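Dumped work-v4.pdb below, it's PDB, C-alpha atoms:
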```pdb
MODEL        1
ATOM      1  CA  MET A   1      -8.644 -37.597 -32.222
ATOM      2  CA  GLN A   2      -6.956 -39.727 -29.530
ATOM      3  CA  LYS A   3      -7.905 -37.190 -26.871
ATOM      4  CA  LEU A   4     -11.557 -37.359 -27.962
ATOM      5  CA  ILE A   5     -11.508 -41.157 -27.769
ATOM      6  CA  LEU A   6      -9.978 -40.995 -24.275
ATOM      7  CA  ILE A   7     -12.681 -38.546 -23.134
ATOM      8  CA  ILE A   8     -15.433 -40.796 -24.524
ATOM      9  CA  ILE A   9     -13.955 -43.877 -22.812
ATOM     10  CA  CYS A  10     -13.716 -42.004 -19.492
ATOM     11  CA  ALA A  11     -17.308 -40.836 -19.806
ATOM     12  CA  LEU A  12     -18.543 -44.369 -20.575
ATOM     13  CA  VAL A  13     -16.649 -45.900 -17.660
ATOM     14  CA  THR A  14     -17.993 -43.205 -15.350
ATOM     15  CA  ILE A  15     -21.588 -43.691 -16.550
ATOM     16  CA  LEU A  16     -21.540 -47.510 -16.661
ATOM     17  CA  TYR A  17     -19.550 -48.253 -13.517
ATOM     18  CA  GLY A  18     -19.907 -45.093 -11.459
ATOM     19  CA  ILE A  19     -16.170 -44.687 -11.104
ATOM     20  CA  ASN A  20     -13.899 -41.965 -12.280
ATOM     21  CA  PRO A  21     -10.788 -43.601 -13.765
ATOM     22  CA  ALA A  22      -7.482 -42.074 -12.620
ATOM     23  CA  PHE A  23      -6.335 -41.284 -16.129
ATOM     24  CA  SER A  24      -9.337 -38.967 -16.651
ATOM     25  CA  GLU A  25      -7.847 -36.707 -13.956
ATOM     26  CA  MET A  26      -4.737 -36.397 -16.068
ATOM     27  CA  GLY A  27      -6.574 -34.060 -18.459
ATOM     28  CA  SER A  28      -7.207 -31.606 -15.637
ATOM     29  CA  VAL A  29      -3.621 -31.941 -14.436
ATOM     30  CA  GLN A  30      -2.314 -31.304 -17.956
ATOM     31  CA  SER A  31      -4.478 -28.184 -18.216
ATOM     32  CA  VAL A  32      -2.984 -26.867 -14.969
ATOM     33  CA  VAL A  33       0.556 -27.797 -16.032
ATOM     34  CA  SER A  34       0.124 -25.944 -19.335
ATOM     35  CA  ARG A  35      -0.938 -22.755 -17.553
ATOM     36  CA  LEU A  36       1.897 -22.998 -15.028
ATOM     37  CA  GLU A  37       4.475 -23.724 -17.751
ATOM     38  CA  HIS A  38       3.275 -20.650 -19.642
ATOM     39  CA  VAL A  39       3.863 -18.487 -16.553
ATOM     40  CA  THR A  40       7.172 -20.028 -15.468
ATOM     41  CA  GLY A  41       8.596 -20.532 -18.937
ATOM     42  CA  GLN A  42       9.850 -23.926 -17.794
ATOM     43  CA  LYS A  43       8.846 -27.522 -18.476
ATOM     44  CA  ILE A  44       7.044 -29.192 -15.557
ATOM     45  CA  ASN A  45       7.192 -32.991 -15.520
ATOM     46  CA  ILE A  46       4.352 -34.769 -13.710
ATOM     47  CA  VAL A  47       3.963 -38.449 -12.898
ATOM     48  CA  ILE A  48       0.663 -39.703 -11.479
ATOM     49  CA  GLU A  49       1.204 -42.523  -8.998
ATOM     50  CA  ASP A  50      -1.682 -44.923  -8.470
ATOM     51  CA  SER A  51      -1.875 -44.748  -4.682
ATOM     52  CA  SER A  52      -4.561 -43.929  -2.153
ATOM     53  CA  ASN A  53      -2.006 -41.944  -0.117
ATOM     54  CA  LEU A  54      -2.574 -38.200  -0.107
ATOM     55  CA  ASP A  55       0.818 -37.083  -1.300
ATOM     56  CA  ALA A  56       2.757 -35.065  -3.812
ATOM     57  CA  TYR A  57       6.491 -34.601  -3.851
ATOM     58  CA  LEU A  58       9.373 -33.553  -5.990
ATOM     59  CA  HIS A  59      11.621 -36.460  -6.790
ATOM     60  CA  PRO A  60      15.316 -35.476  -6.801
ATOM     61  CA  THR A  61      15.355 -36.126 -10.575
ATOM     62  CA  GLY A  62      12.998 -33.161 -11.048
ATOM     63  CA  TYR A  63       9.740 -35.037 -11.607
ATOM     64  CA  ILE A  64       6.704 -34.043  -9.564
ATOM     65  CA  ILE A  65       4.935 -37.135  -8.299
ATOM     66  CA  MET A  66       1.235 -36.810  -7.417
ATOM     67  CA  THR A  67      -0.901 -39.639  -6.110
ATOM     68  CA  THR A  68      -4.375 -40.430  -7.366
ATOM     69  CA  GLY A  69      -5.485 -40.236  -3.718
ATOM     70  CA  LEU A  70      -4.386 -36.601  -3.510
ATOM     71  CA  LEU A  71      -6.021 -35.760  -6.840
ATOM     72  CA  LYS A  72      -9.321 -37.113  -5.530
ATOM     73  CA  PHE A  73      -8.811 -35.129  -2.291
ATOM     74  CA  LEU A  74      -8.361 -31.829  -4.141
ATOM     75  CA  GLU A  75     -11.560 -30.131  -5.250
ATOM     76  CA  ASP A  76     -10.616 -27.886  -8.157
ATOM     77  CA  GLU A  77      -7.873 -26.860 -10.561
ATOM     78  CA  ALA A  78      -6.690 -24.030  -8.286
ATOM     79  CA  GLU A  79      -5.931 -26.534  -5.520
ATOM     80  CA  VAL A  80      -4.134 -28.812  -7.986
ATOM     81  CA  ALA A  81      -2.232 -25.756  -9.248
ATOM     82  CA  PHE A  82      -1.067 -24.861  -5.745
ATOM     83  CA  VAL A  83       0.235 -28.378  -5.093
ATOM     84  CA  ILE A  84       2.077 -28.459  -8.430
ATOM     85  CA  GLY A  85       3.322 -24.886  -7.938
ATOM     86  CA  HIS A  86       4.542 -25.755  -4.443
ATOM     87  CA  GLU A  87       6.437 -28.837  -5.626
ATOM     88  CA  PHE A  88       7.811 -26.997  -8.654
ATOM     89  CA  ALA A  89       9.024 -24.253  -6.303
ATOM     90  CA  HIS A  90      11.206 -26.853  -4.558
ATOM     91  CA  PHE A  91      12.832 -27.467  -7.944
ATOM     92  CA  VAL A  92      13.220 -23.768  -8.808
ATOM     93  CA  LYS A  93      14.630 -22.923  -5.375
ATOM     94  CA  GLY A  94      17.204 -25.729  -5.602
ATOM     95  CA  HIS A  95      15.993 -27.559  -2.532
ATOM     96  CA  TYR A  96      17.478 -30.838  -3.807
ATOM     97  CA  LYS A  97      20.981 -29.860  -4.795
ATOM     98  CA  GLY A  98      23.072 -32.917  -3.935
ATOM     99  CA  GLU A  99      20.360 -34.370  -1.687
ATOM    100  CA  THR A 100      18.598 -37.690  -1.929
ATOM    101  CA  GLY A 101      15.769 -37.036   0.543
ATOM    102  CA  VAL A 102      12.228 -36.306  -0.529
ATOM    103  CA  LEU A 103      10.086 -33.423   0.712
ATOM    104  CA  GLY A 104       6.356 -33.825   0.198
ATOM    105  CA  ILE A 105       3.330 -31.664   0.790
ATOM    106  CA  SER A 106       2.106 -34.051   3.499
ATOM    107  CA  ARG A 107       5.400 -35.531   4.700
ATOM    108  CA  GLU A 108       6.634 -35.283   8.255
ATOM    109  CA  ILE A 109       9.027 -32.414   8.906
ATOM    110  CA  CYS A 110      11.907 -33.380  11.179
ATOM    111  CA  PHE A 111      14.290 -30.455  10.891
ATOM    112  CA  LYS A 112      13.974 -26.663  10.901
ATOM    113  CA  ASP A 113      15.709 -26.601   7.500
ATOM    114  CA  GLU A 114      12.911 -28.744   6.041
ATOM    115  CA  LEU A 115      10.255 -26.429   7.469
ATOM    116  CA  LEU A 116      11.987 -23.394   5.975
ATOM    117  CA  LYS A 117      12.057 -25.132   2.573
ATOM    118  CA  GLU A 118       8.345 -25.903   2.841
ATOM    119  CA  ILE A 119       7.541 -22.300   3.794
ATOM    120  CA  GLU A 120       9.627 -21.021   0.879
ATOM    121  CA  ALA A 121       7.918 -23.459  -1.516
ATOM    122  CA  ASP A 122       4.472 -22.402  -0.242
ATOM    123  CA  ALA A 123       5.261 -18.712  -0.838
ATOM    124  CA  HIS A 124       6.764 -19.262  -4.281
ATOM    125  CA  GLY A 125       3.988 -21.682  -5.259
ATOM    126  CA  LEU A 126       1.448 -19.027  -4.294
ATOM    127  CA  LYS A 127       3.165 -16.483  -6.578
ATOM    128  CA  ILE A 128       3.164 -18.977  -9.450
ATOM    129  CA  ILE A 129      -0.546 -19.763  -9.200
ATOM    130  CA  GLU A 130      -1.473 -16.090  -8.852
ATOM    131  CA  ALA A 131       0.501 -15.283 -12.005
ATOM    132  CA  ALA A 132      -1.333 -18.115 -13.786
ATOM    133  CA  GLY A 133      -4.696 -16.622 -12.807
ATOM    134  CA  TYR A 134      -5.679 -19.132 -10.139
ATOM    135  CA  ASP A 135      -7.342 -18.095  -6.887
ATOM    136  CA  PRO A 136      -4.559 -17.617  -4.302
ATOM    137  CA  ALA A 137      -6.968 -18.742  -1.566
ATOM    138  CA  ALA A 138      -6.438 -22.291  -2.871
ATOM    139  CA  SER A 139      -3.080 -22.316  -1.096
ATOM    140  CA  PHE A 140      -4.768 -21.829   2.281
ATOM    141  CA  THR A 141      -7.517 -24.262   1.389
ATOM    142  CA  VAL A 142      -5.025 -27.039   0.633
ATOM    143  CA  LEU A 143      -2.965 -26.487   3.787
ATOM    144  CA  ASN A 144      -6.065 -26.188   5.971
ATOM    145  CA  LYS A 145      -7.555 -29.355   4.470
ATOM    146  CA  LEU A 146      -4.328 -31.227   5.182
ATOM    147  CA  ARG A 147      -4.421 -29.916   8.742
ATOM    148  CA  SER A 148      -8.113 -30.800   9.172
ATOM    149  CA  TYR A 149      -7.565 -34.349   7.983
ATOM    150  CA  GLY A 150      -4.610 -34.794  10.306
ATOM    151  CA  ILE A 151      -2.150 -35.146   7.446
ATOM    152  CA  GLY A 152       1.322 -33.989   8.327
ATOM    153  CA  GLN A 153       2.237 -32.462  11.651
ATOM    154  CA  LEU A 154      -0.040 -29.856  13.167
ATOM    155  CA  SER A 155       2.623 -27.438  14.416
ATOM    156  CA  PRO A 156       4.589 -27.157  11.133
ATOM    157  CA  LEU A 157       1.354 -26.804   9.131
ATOM    158  CA  GLU A 158       0.271 -23.973  11.445
ATOM    159  CA  ARG A 159       3.633 -22.277  10.921
ATOM    160  CA  ARG A 160       3.358 -22.717   7.151
ATOM    161  CA  ILE A 161      -0.142 -21.215   7.094
ATOM    162  CA  ASN A 162       0.967 -18.275   9.239
ATOM    163  CA  ALA A 163       4.025 -17.690   7.050
ATOM    164  CA  LEU A 164       1.829 -17.779   3.933
ATOM    165  CA  LEU A 165      -0.530 -15.225   5.510
ATOM    166  CA  THR A 166       2.454 -12.973   6.169
ATOM    167  CA  ASN A 167       3.565 -13.266   2.519
ATOM    168  CA  VAL A 168       0.088 -12.367   1.273
ATOM    169  CA  SER A 169      -0.064  -9.343   3.594
ATOM    170  CA  ASN A 170       3.237  -7.945   2.275
TER
ENDMDL
END
```

Kindly return the structure encoded in the file as structure tokens.
Amino acid sequence: MQKLILIIICALVTILYGINPAFSEMGSVQSVVSRLEHVTGQKINIVIEDSSNLDAYLHPTGYIIMTTGLLKFLEDEAEVAFVIGHEFAHFVKGHYKGETGVLGISREICFKDELLKEIEADAHGLKIIEAAGYDPAASFTVLNKLRSYGIGQLSPLERRINALLTNVSN
């Protein structure tokens, strides 16, 4: 019943004011999370941050943080799934063992080790979304969109896209 009320409120706000409230995107995110949890067999914790920045990252505590700006930037559930799968892959691969730094899908990459972690998370995220039935092309779409909008560094994004292409070919 509460979900129905939330959907009605979102629809009214959208119709009356022409805006799409951030919390209405949470339903789509929850749908993606449910599918990914089913495939991985693990709980995925998501926090939506009200920010216009285009970012998603895994906090060292294990929570995936996604901004409302990024959610508006992504066009469909497959793209959202890739971002969540990518960040969850950082968790699964243990990229934060004893570290306090934050890696994000659009963050600057300063060290080769960080680039290798991003490439590994891209590849594992791709496997997760494929297993969940999402279009694997979404992974390339997200990375290419980030590159096209000048988000992140061009050279590392090129290397990530090329590495992802290699993983798909194998």

Q.
Is it possible to get the residues within 10 Å of (-6.8, -29.2, -7.1) (coordinates as in the file, counting only C-alpha atoms) written as a PyMOL selection string?
A. chain A and resi 28-29+32+70-84+138-139+141-142

Q: Measure the distance from atom CA of Asn167 of chain A to atom CA of Ile44 of chain A in Å and round it to one decimal.
A: 24.3 Å

On this structure, the PyMOL selection byres ((chain A and resi 158-163) around 9) would catch which residues? List them as an mmCIF file with C-alpha atoms, in the coordinates of the input, sorted by chain and number.
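Written output follows (expr-v6.cif):
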```cif
data_model
loop_
_atom_site.group_PDB
_atom_site.id
_atom_site.type_symbol
_atom_site.label_atom_id
_atom_site.label_comp_id
_atom_site.auth_asym_id
_atom_site.auth_seq_id
_atom_site.Cartn_x
_atom_site.Cartn_y
_atom_site.Cartn_z
ATOM 1 C CA LEU A 115 10.255 -26.429 7.469
ATOM 2 C CA LEU A 116 11.987 -23.394 5.975
ATOM 3 C CA GLU A 118 8.345 -25.903 2.841
ATOM 4 C CA ILE A 119 7.541 -22.300 3.794
ATOM 5 C CA GLU A 120 9.627 -21.021 0.879
ATOM 6 C CA ASP A 122 4.472 -22.402 -0.242
ATOM 7 C CA ALA A 123 5.261 -18.712 -0.838
ATOM 8 C CA SER A 139 -3.080 -22.316 -1.096
ATOM 9 C CA PHE A 140 -4.768 -21.829 2.281
ATOM 10 C CA LEU A 143 -2.965 -26.487 3.787
ATOM 11 C CA ASN A 144 -6.065 -26.188 5.971
ATOM 12 C CA ARG A 147 -4.421 -29.916 8.742
ATOM 13 C CA GLN A 153 2.237 -32.462 11.651
ATOM 14 C CA LEU A 154 -0.040 -29.856 13.167
ATOM 15 C CA SER A 155 2.623 -27.438 14.416
ATOM 16 C CA PRO A 156 4.589 -27.157 11.133
ATOM 17 C CA LEU A 157 1.354 -26.804 9.131
ATOM 18 C CA LEU A 164 1.829 -17.779 3.933
ATOM 19 C CA LEU A 165 -0.530 -15.225 5.510
ATOM 20 C CA THR A 166 2.454 -12.973 6.169
ATOM 21 C CA ASN A 167 3.565 -13.266 2.519
ATOM 22 C CA VAL A 168 0.088 -12.367 1.273
#
```

Q: Might you pull out every residue within 10 Å of Gly69 of chain A, with all atoms listed in the file counted and same-chain residues fewer than 4 positions away left off, and present them as a list in words?
A: Ala22, Ile48, Glu49, Asp50, Ser51, Ser52, Asn53, Leu54, Asp55, Ala56, Phe73 and Leu74 of chain A

Q: Enter the distance from atom CA of Gln42 of chain A to atom CA of Lys145 of chain A, in Å, rounded to one decimal.
A: 28.8 Å

Q) atom CA of Gly133 of chain A to atom CA of His95 of chain A: how many Å, to one decimal? A)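 The value is 25.6 Å.
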
Provide an axis-aligned box for all listed atoms of segment 155-164 of chain A, padding each side by 5 Å; report its centre and its edge lengths in Å to one decimal, as lines of an AutoDock Vina configuration file.
```
center_x = 2.2
center_y = -22.6
center_z = 9.2
size_x = 14.7
size_y = 19.7
size_z = 20.5
```

Q: Write out as number ranges by chain the residues lying within 8 Å of segment 34-36 of chain A, counting all atoms listed in the file and excluding same-chain residues fewer than 2 positions away.
A: A: 30-32, 38-40, 81, 85, 128-129, 132
